[in-house]
Structure formats: structure tokens, C-alpha cells
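Shown next: start-v4.txt, given as compact mmCIF, C-alpha atoms and all ligand atoms.
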# COMPACT_ATOMS: atom_id res chain seq x y z
CA MET Y 1 -22.81 -36.06 66.16
CA ALA Y 2 -20.14 -37.35 68.51
CA ARG Y 3 -17.19 -35.12 69.11
CA PRO Y 4 -14.00 -36.61 67.68
CA SER Y 5 -11.77 -38.18 70.26
CA ALA Y 6 -8.33 -36.78 70.89
CA LEU Y 7 -6.88 -39.75 69.05
CA GLN Y 8 -9.08 -39.18 66.02
CA ALA Y 9 -8.14 -35.50 66.01
CA THR Y 10 -4.48 -36.38 66.12
CA VAL Y 11 -4.84 -38.90 63.33
CA TRP Y 12 -6.64 -36.33 61.19
CA ALA Y 13 -4.09 -33.69 61.95
CA PHE Y 14 -1.40 -36.15 60.94
CA VAL Y 15 -3.14 -37.19 57.73
CA GLY Y 16 -3.88 -33.55 57.03
CA SER Y 17 -0.30 -32.49 57.38
CA ILE Y 18 0.96 -35.40 55.28
CA SER Y 19 -1.38 -34.51 52.45
CA LEU Y 20 -0.55 -30.83 52.74
CA TYR Y 21 3.06 -31.82 52.54
CA LEU Y 22 2.56 -34.11 49.56
CA GLY Y 23 0.46 -31.40 47.95
CA PHE Y 24 3.31 -28.97 48.40
CA VAL Y 25 5.81 -31.45 47.02
CA SER Y 26 3.66 -32.23 44.01
CA LEU Y 27 3.38 -28.50 43.29
CA LEU Y 28 7.14 -28.54 43.07
CA THR Y 29 6.93 -30.85 40.07
CA ILE Y 30 5.41 -28.00 38.05
CA PRO Y 31 8.40 -26.32 36.35
CA PHE Y 32 7.34 -22.73 37.06
CA LEU Y 33 6.80 -23.35 40.77
CA GLN Y 34 9.94 -25.45 40.88
CA ASN Y 35 11.91 -22.50 39.62
CA GLN Y 36 10.28 -20.35 42.25
CA ALA Y 37 11.27 -22.82 44.96
CA ILE Y 38 14.84 -23.22 43.78
CA TYR Y 39 15.68 -19.64 42.97
CA LEU Y 40 13.28 -18.08 45.50
CA ASN Y 41 13.47 -15.04 43.26
CA SER Y 42 10.06 -13.74 44.25
CA VAL Y 43 11.25 -13.58 47.83
CA THR Y 44 13.01 -10.26 47.38
CA LEU Y 45 13.68 -9.50 51.06
CA THR Y 46 14.02 -5.85 50.03
CA TRP Y 47 10.34 -5.04 49.63
CA PHE Y 48 9.67 -1.30 49.37
CA GLN Y 49 13.35 -0.58 48.84
CA ASP Y 50 14.58 0.73 45.53
CA VAL Y 51 17.80 -0.91 44.30
CA THR Y 52 18.68 2.30 42.46
CA ILE Y 53 19.33 4.00 45.83
CA PRO Y 54 22.32 2.07 47.25
CA GLU Y 55 22.71 4.50 50.16
CA GLN Y 56 19.90 2.51 51.79
CA TRP Y 57 22.39 -0.30 52.35
CA GLY Y 58 25.10 1.84 53.83
CA PHE Y 59 27.04 2.89 50.74
CA LEU Y 60 28.47 6.39 50.38
CA ARG Y 61 26.90 8.76 47.88
CA ASN Y 62 27.91 7.57 44.39
CA GLN Y 63 30.13 4.80 45.71
CA VAL Y 64 27.77 2.50 43.86
CA THR Y 65 26.65 3.22 40.30
CA PRO Y 66 23.38 1.48 39.45
CA PHE Y 67 23.05 0.69 35.75
CA THR Y 68 21.39 -1.78 33.41
CA LEU Y 69 22.70 -4.43 31.01
CA GLN Y 70 20.90 -5.75 27.94
CA THR Y 71 21.08 -9.48 27.28
CA PRO Y 72 21.21 -10.76 23.67
CA ASP Y 73 17.71 -12.22 24.13
CA GLY Y 74 16.16 -8.92 25.12
CA GLU Y 75 16.14 -8.89 28.93
CA THR Y 76 17.20 -5.91 31.03
CA LEU Y 77 19.33 -6.72 34.05
CA HIS Y 78 19.91 -4.42 36.98
CA ALA Y 79 23.52 -4.06 38.04
CA TRP Y 80 25.68 -2.29 40.58
CA HIS Y 81 29.22 -1.12 40.08
CA ILE Y 82 30.80 -0.81 43.54
CA LEU Y 83 33.93 1.31 43.89
CA PRO Y 84 36.62 0.21 46.34
CA ILE Y 85 36.75 2.57 49.31
CA GLY Y 86 40.33 3.82 48.90
CA LEU Y 87 39.76 4.77 45.28
CA TYR Y 88 36.52 6.46 46.27
CA GLN Y 89 38.39 8.57 48.80
CA LYS Y 90 40.90 9.69 46.17
CA HIS Y 91 38.14 10.96 43.87
CA GLU Y 92 35.58 11.88 46.49
CA GLN Y 93 35.01 15.50 45.45
CA GLN Y 94 34.42 14.65 41.77
CA LEU Y 95 32.20 11.69 42.66
CA LEU Y 96 30.04 13.79 44.97
CA ALA Y 97 29.51 16.30 42.18
CA GLU Y 98 28.01 13.65 39.85
CA PRO Y 99 24.25 13.04 39.67
CA SER Y 100 23.16 9.97 41.63
CA GLY Y 101 20.78 7.09 40.94
CA ILE Y 102 20.61 4.90 37.90
CA VAL Y 103 22.84 6.10 35.02
CA PRO Y 104 21.53 6.00 31.45
CA ASP Y 105 25.04 5.34 30.13
CA ILE Y 106 27.55 3.72 32.46
CA ALA Y 107 30.43 4.76 30.19
CA GLN Y 108 29.80 8.40 31.20
CA SER Y 109 30.24 7.73 34.92
CA LEU Y 110 33.51 8.54 36.63
CA GLY Y 111 33.47 5.24 38.51
CA PHE Y 112 33.38 3.28 35.28
CA GLN Y 113 36.20 5.36 33.78
CA LEU Y 114 38.32 4.69 36.87
CA LEU Y 115 37.80 0.98 36.24
CA ARG Y 116 38.36 1.00 32.48
CA ASP Y 117 41.32 3.39 32.38
CA ASP Y 118 43.43 1.89 35.18
CA PRO Y 119 45.66 -0.84 33.69
CA ASP Y 120 45.99 -2.41 37.15
CA ALA Y 121 42.31 -2.35 38.09
CA LEU Y 122 40.92 -5.69 39.26
CA LEU Y 123 37.31 -6.74 38.84
CA VAL Y 124 35.10 -9.14 40.75
CA LEU Y 125 32.02 -10.31 38.91
CA TYR Y 126 29.57 -11.07 41.64
CA PHE Y 127 26.68 -13.48 41.18
CA HIS Y 128 24.39 -13.71 44.15
CA GLY Y 129 22.59 -16.84 45.25
CA ALA Y 130 18.93 -17.76 45.42
CA ALA Y 131 16.30 -15.31 46.68
CA GLY Y 132 16.48 -11.59 47.14
CA THR Y 133 18.08 -8.79 45.19
CA LEU Y 134 21.34 -6.89 44.95
CA GLY Y 135 20.56 -5.28 48.30
CA SER Y 136 19.39 -8.29 50.33
CA GLY Y 137 20.76 -9.57 53.59
CA TRP Y 138 24.50 -10.08 53.79
CA ARG Y 139 25.17 -9.07 50.19
CA PRO Y 140 25.98 -5.37 50.79
CA PRO Y 141 28.53 -6.23 53.51
CA SER Y 142 29.93 -8.92 51.25
CA TYR Y 143 30.51 -6.41 48.40
CA ARG Y 144 32.62 -4.49 50.90
CA ALA Y 145 34.54 -7.67 51.70
CA MET Y 146 35.47 -8.03 48.01
CA HIS Y 147 37.77 -4.99 48.11
CA ALA Y 148 38.79 -5.16 51.78
CA ALA Y 149 42.20 -6.68 50.94
CA SER Y 150 43.00 -4.12 48.22
CA PRO Y 151 40.88 -0.99 48.68
CA ASP Y 152 42.47 0.90 45.77
CA LYS Y 153 42.16 -1.72 43.08
CA ILE Y 154 39.31 -4.18 43.46
CA HIS Y 155 36.06 -3.10 41.81
CA THR Y 156 32.91 -5.23 42.01
CA VAL Y 157 30.04 -5.51 39.57
CA ALA Y 158 26.99 -7.43 40.75
CA ILE Y 159 23.79 -8.20 38.85
CA ASP Y 160 20.29 -9.31 39.57
CA TYR Y 161 19.63 -12.22 37.24
CA ARG Y 162 16.52 -12.17 35.08
CA GLY Y 163 13.40 -12.61 37.19
CA PHE Y 164 15.16 -11.24 40.29
CA GLY Y 165 14.60 -7.78 41.76
CA SER Y 166 13.88 -5.18 39.08
CA SER Y 167 15.44 -7.23 36.26
CA THR Y 168 12.96 -8.37 33.60
CA GLY Y 169 12.10 -11.91 32.54
CA PHE Y 170 11.72 -15.31 34.18
CA THR Y 171 14.34 -17.52 35.74
CA SER Y 172 15.64 -20.59 33.94
CA GLU Y 173 18.94 -22.39 34.03
CA GLU Y 174 19.72 -21.37 30.46
CA GLY Y 175 18.61 -17.77 31.01
CA LEU Y 176 20.80 -17.38 34.06
CA LEU Y 177 23.77 -18.63 32.08
CA THR Y 178 23.03 -16.09 29.37
CA ASP Y 179 22.94 -13.38 32.04
CA ALA Y 180 26.25 -14.47 33.52
CA ILE Y 181 27.89 -14.52 30.10
CA THR Y 182 26.40 -11.11 29.28
CA LEU Y 183 28.10 -9.65 32.33
CA ALA Y 184 31.41 -11.38 31.57
CA GLU Y 185 31.39 -10.08 27.99
CA TRP Y 186 30.51 -6.59 29.20
CA ALA Y 187 33.51 -6.72 31.54
CA MET Y 188 35.88 -7.78 28.77
CA LYS Y 189 34.53 -5.60 25.94
CA GLU Y 190 33.03 -2.46 27.51
CA ALA Y 191 35.19 -2.25 30.62
CA GLN Y 192 38.15 -3.70 28.69
CA ILE Y 193 39.36 -5.87 31.57
CA PRO Y 194 41.20 -9.01 30.42
CA PRO Y 195 40.27 -12.36 32.07
CA SER Y 196 43.56 -12.34 34.02
CA ARG Y 197 42.20 -9.38 36.02
CA ILE Y 198 38.75 -10.88 36.57
CA VAL Y 199 37.62 -13.12 39.41
CA ILE Y 200 34.19 -14.69 39.54
CA PHE Y 201 32.46 -14.83 42.89
CA GLY Y 202 29.31 -16.88 43.18
CA GLN Y 203 27.01 -18.11 45.87
CA PRO Y 204 26.25 -20.84 45.25
CA ALA Y 205 28.55 -21.66 42.40
CA HIS Y 206 26.87 -21.57 39.05
CA ALA Y 207 28.05 -22.76 35.72
CA PHE Y 208 29.82 -19.76 34.19
CA LEU Y 209 33.14 -21.21 35.15
CA ARG Y 210 34.99 -20.07 32.09
CA TYR Y 211 36.97 -17.35 33.78
CA GLY Y 212 38.26 -18.85 36.99
CA PRO Y 213 35.84 -18.94 39.90
CA GLY Y 214 35.79 -18.60 43.63
CA LEU Y 215 32.88 -20.30 45.24
CA VAL Y 216 31.14 -19.78 48.55
CA ALA Y 217 28.76 -22.30 50.10
CA PRO Y 218 28.13 -24.19 46.90
CA PHE Y 219 25.79 -27.08 46.35
CA VAL Y 220 26.57 -30.25 44.46
CA ASP Y 221 23.45 -30.37 42.35
CA VAL Y 222 19.79 -29.76 42.77
CA GLU Y 223 19.01 -33.41 43.46
CA LEU Y 224 21.22 -33.56 46.51
CA LEU Y 225 20.18 -30.04 47.41
CA THR Y 226 16.50 -30.91 47.52
CA ALA Y 227 17.34 -33.81 49.76
CA THR Y 228 19.18 -31.62 52.24
CA TYR Y 229 18.15 -27.98 51.78
CA ARG Y 230 16.33 -26.33 54.62
CA ILE Y 231 14.74 -22.93 54.20
CA ALA Y 232 16.24 -20.84 56.98
CA GLY Y 233 17.01 -24.07 58.78
CA MET Y 234 13.40 -24.44 59.83
CA ILE Y 235 11.54 -26.09 56.99
CA PRO Y 236 13.21 -29.23 55.72
CA VAL Y 237 11.75 -28.98 52.24
CA LEU Y 238 12.14 -32.53 51.06
CA ASP Y 239 13.77 -33.99 54.10
CA PRO Y 240 11.06 -36.52 55.03
CA LEU Y 241 11.24 -37.82 51.50
CA ALA Y 242 14.98 -38.22 51.71
CA HIS Y 243 14.25 -41.20 53.91
CA PHE Y 244 12.39 -42.86 51.05
CA PRO Y 245 14.98 -42.95 48.25
CA PRO Y 246 12.69 -44.57 45.64
CA LEU Y 247 10.11 -41.83 46.11
CA LEU Y 248 12.80 -39.18 46.02
CA ARG Y 249 14.20 -40.65 42.80
CA PHE Y 250 10.70 -40.66 41.38
CA LEU Y 251 10.33 -36.96 42.18
CA HIS Y 252 13.71 -36.19 40.71
CA ASN Y 253 12.42 -37.31 37.36
CA PHE Y 254 10.28 -34.19 37.47
CA ILE Y 255 13.08 -31.85 38.35
CA VAL Y 256 13.84 -29.90 35.22
CA THR Y 257 16.33 -27.60 36.84
CA LYS Y 258 19.27 -29.71 37.87
CA TRP Y 259 22.21 -27.29 38.22
CA PRO Y 260 24.80 -30.07 38.17
CA SER Y 261 27.54 -27.92 39.72
CA LYS Y 262 29.80 -30.91 40.29
CA ILE Y 263 29.65 -31.93 36.63
CA LYS Y 264 30.06 -28.38 35.33
CA LEU Y 265 33.00 -27.74 37.64
CA ALA Y 266 34.67 -31.02 36.62
CA GLN Y 267 34.12 -30.23 32.93
CA PHE Y 268 35.61 -26.77 33.38
CA ILE Y 269 38.75 -28.13 35.05
CA ASN Y 270 39.04 -30.89 32.52
CA ARG Y 271 38.90 -28.42 29.67
CA VAL Y 272 41.48 -26.07 31.16
CA GLU Y 273 43.80 -29.02 31.87
CA GLN Y 274 43.79 -29.83 28.17
CA LEU Y 275 44.51 -26.29 26.94
CA PRO Y 276 48.09 -25.25 26.15
CA ALA Y 277 49.91 -24.10 29.29
CA GLU Y 278 50.00 -20.38 28.56
CA GLU Y 279 46.35 -20.14 27.60
CA SER Y 280 44.52 -20.64 30.80
CA ARG Y 281 44.82 -21.44 34.45
CA TYR Y 282 42.32 -21.80 37.24
CA HIS Y 283 42.35 -21.04 40.93
CA ILE Y 284 39.30 -22.32 42.65
CA THR Y 285 38.46 -21.77 46.27
CA ILE Y 286 35.48 -23.50 47.78
CA ILE Y 287 34.50 -22.01 51.11
CA HIS Y 288 31.82 -23.39 53.41
CA ALA Y 289 30.88 -23.00 57.07
CA GLU Y 290 30.25 -26.02 59.26
CA ASP Y 291 27.27 -24.27 60.83
CA ASP Y 292 25.59 -23.59 57.46
CA TYR Y 293 22.12 -25.02 58.01
CA ASP Y 294 20.80 -24.03 54.57
CA ILE Y 295 23.26 -26.12 52.59
CA PRO Y 296 25.30 -28.64 54.62
CA TRP Y 297 29.05 -28.22 54.22
CA THR Y 298 29.38 -31.83 53.07
CA HIS Y 299 28.26 -30.56 49.64
CA SER Y 300 31.64 -28.89 49.43
CA GLU Y 301 33.43 -32.14 50.26
CA GLU Y 302 31.81 -33.77 47.28
CA LEU Y 303 32.37 -30.79 45.01
CA PHE Y 304 36.06 -30.67 45.97
CA TRP Y 305 36.40 -34.36 45.18
CA HIS Y 306 34.78 -33.95 41.73
CA ALA Y 307 37.07 -31.00 41.06
CA VAL Y 308 40.25 -32.85 42.07
CA ASN Y 309 39.14 -35.97 40.25
CA ALA Y 310 38.95 -33.95 37.04
CA THR Y 311 42.57 -32.76 37.23
CA SER Y 312 44.07 -36.04 36.01
CA PRO Y 313 43.05 -38.54 33.33
CA GLU Y 314 43.14 -41.43 35.81
CA GLY Y 315 41.03 -39.66 38.47
CA ILE Y 316 41.01 -40.35 42.19
CA THR Y 317 38.50 -42.13 44.41
CA TYR Y 318 36.76 -40.32 47.25
CA ASP Y 319 38.54 -42.51 49.82
CA GLU Y 320 41.97 -42.01 48.27
CA LEU Y 321 41.43 -38.27 48.36
CA GLU Y 322 40.21 -38.42 51.96
CA LYS Y 323 43.41 -40.26 52.91
CA GLU Y 324 45.50 -37.65 51.15
CA LYS Y 325 43.56 -34.88 52.88
CA GLU Y 326 44.27 -36.45 56.28
CA GLU Y 327 47.96 -35.82 55.62
CA THR Y 328 47.85 -32.41 53.96
CA ARG Y 329 45.04 -30.78 55.95
CA LEU Y 330 46.06 -27.55 57.66
CA GLN Y 331 44.26 -27.37 61.01
CA LEU Y 332 43.29 -23.86 62.06
CA GLY Y 333 41.73 -24.60 65.44
CA ALA Y 334 38.55 -22.58 65.95
CA GLY Y 335 39.08 -21.24 62.41
CA GLY Y 336 38.40 -24.66 60.89
CA TRP Y 337 40.72 -26.24 58.33
CA LEU Y 338 41.86 -26.06 54.76
CA VAL Y 339 43.26 -28.30 52.06
CA ASN Y 340 45.10 -26.97 49.04
CA ARG Y 341 45.61 -29.17 46.00
CA GLU Y 342 48.02 -28.01 43.30
CA SER Y 343 47.70 -29.41 39.82
CA LYS Y 344 49.37 -28.83 36.48
CA LYS Y 345 47.16 -25.90 35.54
CA GLY Y 346 46.13 -24.41 38.84
CA SER Y 347 45.00 -24.98 42.36
CA ILE Y 348 41.86 -26.11 44.10
CA ARG Y 349 41.35 -25.18 47.70
CA GLU Y 350 38.70 -26.34 50.12
CA GLN Y 351 38.34 -24.16 53.16
CA ILE Y 352 35.89 -25.17 55.86
CA VAL Y 353 35.38 -22.62 58.61
CA LYS Y 354 33.58 -23.43 61.84
CA HIS Y 355 31.46 -20.28 61.97
CA GLY Y 356 29.81 -18.30 59.21
CA LEU Y 357 26.36 -19.75 58.57
CA HIS Y 358 25.23 -19.62 54.94
CA ASP Y 359 25.30 -15.91 54.08
CA LYS Y 360 27.22 -14.12 56.80
CA LEU Y 361 30.35 -15.94 55.67
CA MET Y 362 30.38 -13.94 52.43
CA SER Y 363 31.35 -10.81 54.35
CA TYR Y 364 34.20 -12.47 56.27
CA PRO Y 365 37.96 -11.91 55.87
CA VAL Y 366 38.35 -15.50 54.67
CA VAL Y 367 36.50 -14.37 51.54
CA SER Y 368 38.47 -11.10 51.17
CA LEU Y 369 41.69 -13.09 51.33
CA ALA Y 370 40.50 -15.71 48.84
CA ILE Y 371 39.62 -12.92 46.38
CA LEU Y 372 43.06 -11.33 46.72
CA ARG Y 373 44.79 -14.70 46.36
CA ALA Y 374 42.80 -15.49 43.22
CA PHE Y 375 43.97 -12.19 41.67
CA GLN Y 376 47.59 -12.70 42.67
CA ARG Y 377 47.70 -16.14 41.16
CA GLY Y 378 45.67 -15.36 38.07
C1 LIG E 401 36.68 -39.39 37.99
O1 LIG E 401 37.52 -39.29 36.87
C2 LIG E 401 37.53 -40.42 36.04
C3 LIG E 401 38.61 -40.23 34.99
O2 LIG E 401 38.43 -39.01 34.30
C4 LIG E 401 36.15 -40.62 35.44
O3 LIG E 401 36.13 -41.74 34.61
C5 LIG E 401 35.14 -40.75 36.58
O4 LIG E 401 33.82 -40.80 36.06
C6 LIG E 401 35.25 -39.60 37.54
N1 LIG E 401 34.41 -39.85 38.72
C7 LIG E 401 33.38 -39.10 39.04
C8 LIG E 401 32.63 -39.48 40.24
O5 LIG E 401 33.04 -38.13 38.38

What is this structure when it is put down as C-alpha cells?
Amino acid sequence: MARPSALQATVWAFVGSISLYLGFVSLLTIPFLQNQAIYLNSVTLTWFQDVTIPEQWGFLRNQVTPFTLQTPDGETLHAWHILPIGLYQKHEQQLLAEPSGIVPDIAQSLGFQLLRDDPDALLVLYFHGAAGTLGSGWRPPSYRAMHAASPDKIHTVAIDYRGFGSSTGFTSEEGLLTDAITLAEWAMKEAQIPPSRIVIFGQPAHAFLRYGPGLVAPFVDVELLTATYRIAGMIPVLDPLAHFPPLLRFLHNFIVTKWPSKIKLAQFINRVEQLPAEESRYHITIIHAEDDYDIPWTHSEELFWHAVNATSPEGITYDELEKEKEETRLQLGAGGWLVNRESKKGSIREQIVKHGLHDKLMSYPVVSLAILRAFQRG
């Protein structure tokens, strides 16, 4: 048998990689695998590490209380209550004397009592993004950024959604919403914190926008995300297909999980705008880094537009808003730029920094400041 020529080998390698690629893409049309690809929840990035021992990620003994939450549909979610450092210092001796590890009843822990019994305590509900667990990557440093601007007052509670980390169940758009609402209700009922002292932090922004969100590196919706998302900047998941819009549209028919952030955000703003003045306000900050290669920052441009468009009955076109932004944009040099848009019921801010990648940004002072501002304006 003749040995294949170099050309033949190249052609076969090419055909081989195309069919591998199409094989991979067609796997993505199976809902279960699609969920895996979108949420990347099986990629824990904390293999062999136990999320009930937060000291592994640099926290002080009993600064973090690991506990569990029960959802109404029977799932068990793992959660962390992170004490702000100044408050920790004030109660250090008592905290050190408590047992450590997961608590059977959070209400018995000193940390929780410090949250519930302080009428000025502030609470960040923290929803992490795709992949990993409570302890992955830049999340631990970003919990510390939550209270950096007010180390006596700002508590953080973070959860692993169902299907992530040690939480039970499987991921689904509806399930994740249930989880988010479970945490929000826990905060209001068990911890007795009113919505005016709660800020939601999400990466990317999900759909539990009832209580006034702050968003970091959000995506517009899964359709645009699949066209632009790159895993760690190396593997352009559906990028080649993005050049064939009909094929991409065809594939989108199979995408069950759509996460239409832009629509959910617009609906949220629209609803608040129609409530009586004293009932509700929103302060939304969308933060994105220009060098984010996982989710391009232009997603935030579109999200900001949808948000602003929803503030008035007549709406605004993308180009009109761009023109307005040219005039109101605050240039921050190497720090990037920001635009702040006030409306009847709140404010929407788009802050684009030059440096911060996708995850690192969450631990930056720009985030600490946005959290503090959201509380002050709440
Ligand atoms: C902008 O708002 C208007 C008025 O509410 C609405 O009709 C339109 O669909 C919105 N545009 C987009 C792109 O959502």
C-alpha cells in the first residue's frame, strides 16, 4: 500500500478535525451536555479540596462559616458566610473559641448573630459564575473585596448552585433561579435583613434581579455568548460557526438554556419603573474589562443599552445612546472609562476598565467601590 502523501495527510487531518469539531458541536445540542458546557459545573477547579475548610483559601479560623440551605424542591446547597475583617477582629477571641467546619445550625453561630442582630449590617448575596466552586480561582479574593470598603459592616453569603461543588442536584436555568431565590428569602427571613441592606453580586449576571444587582463581566444571552465565548481564551467554542450565521441560527434552535440576561434585566428595570416611587429603586453597575478574553466587553455595551432602553416608555436607539455616551463619558486614562445614567427610579452605570481579565477583576477596588456605592444609594 502506498504511503499517503503529505498533501493527503494534511487533507485527512483537516477533515478529521472538522468532523471532530462538528461532533463536539452536535454533542452540545444534547441538553445535558449543553448544560455541562454552559455552566462548566463539573469543572470544579478545587479537586481534592473540601469547601467546608475555608482556611485552605486563606481565610482566618472561623472567619467563614460553612453551612447548608434547603431549597423548596429538596436540594441541599453549600454556602459560606464570610465575616468582614474588622468585625472579625472585634470578636476574635469568641470566634476562635467556636468549633470550626460546617455548622448544623447557622443560627447558633456567632457570625450569623453578628449579622442578624446589627441593625446596620449590610449583606452581599454572592452568586458565582460558571465552573468551579465557592473556593475556585479568584472567588476567595473577591469575597474579601466585597467588604474592603466597609470592613465592619459588609457581610457576604455565597452559595454553590445545585450541581456545583458539594451541592446536590443538576443544573438548569429554572433550578438556578430557585436557588437564588432560596438564598434571597433566607437573607430576608432568617437573617432578617431588609432588601434596602442587600446587594446582589453576580458573575455573570443572572436573572434574580428583584433586589437590585451589581453585575461583573456579564453576557447578553447564551446565543451571543456561544458565538463569542472562548474557554480560557484558547478554544473558541463556536467561533468558526459564527462565520456561518445560518448554521449558527440552526444550532441555536437546539439551545434550551438561553439565559436572556438582556431581556431579564430590561424587564426588571421596566417593572421597577412602574412601581410607586417609595417602593423600589435600583442601582445597577455593569463592570467589564477590555482584556476579558472569555466574554468580550462588548456584551456589556449591549446590556447597558437594553437596560437604559427600558427606563423610558419611548426607549432609545443604540446609536442615540452612543451619541449621548460620547458626551457624558468620564475618561479615566489607563483606568478605562465610565458612563452613569440616572433615571426616575435609579441609576445604571457602565464601567469599562482596561485591565482585569474575566475573573481577576472581581477582586479589584473598582468592585469594592461599586458595592459600597450600591449600599449607600439603596
Ligand atoms: C426599546 O424600548 C422600546 C420601548 O419600550 C421597545 O419597544 C423596544 O423593543 C426596545 N428595544 C429593544 C432592543 O429591546

Protein and nucleic acid residues within 8 Å of ligand LIG 401 (chain E) (only C-alpha atoms and all ligand atoms) as a PyMOL selection string:
chain Y and resi 263+266+306+309-310+312-317

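Take atom CA of Y:Thr52 and atom CA of Y:Ser109: the distance between them is 14.8 Å.
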
As a PyMOL selection string, please: the residues near stretch 115-123 of chain Y (cut-off 8 Å, all atoms listed in the file, same-chain neighbours under 6 positions excluded).
chain Y and resi 153-157+191-193+197-199+375

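For the pair atom CA of Y:Ile284 and atom CA of Y:Val124, the interatomic distance is 14.0 Å.
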
For each of Y:Ala149, Y:Ile102, Y:Val308, Y:Leu87, take the minimum atom-to-atom distance to Y:Glu273, counting all atoms listed in the file, then give the residue where this is smallest.
Y:Val308

Determine the nearest neighbour of Y:Asp359 from the options Y:Ser196, Y:Asn270, Y:Ser142, Y:Ser166, counting all atoms listed in the file.
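The closest residue to Y:Asp359 is Y:Ser142.
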
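Compared by their closest atoms to Y:Leu60, and using all atoms listed in the file, the residues Y:Lys325, Y:Arg144, Y:Arg162, Y:His358 rank with Y:Arg144 nearest.
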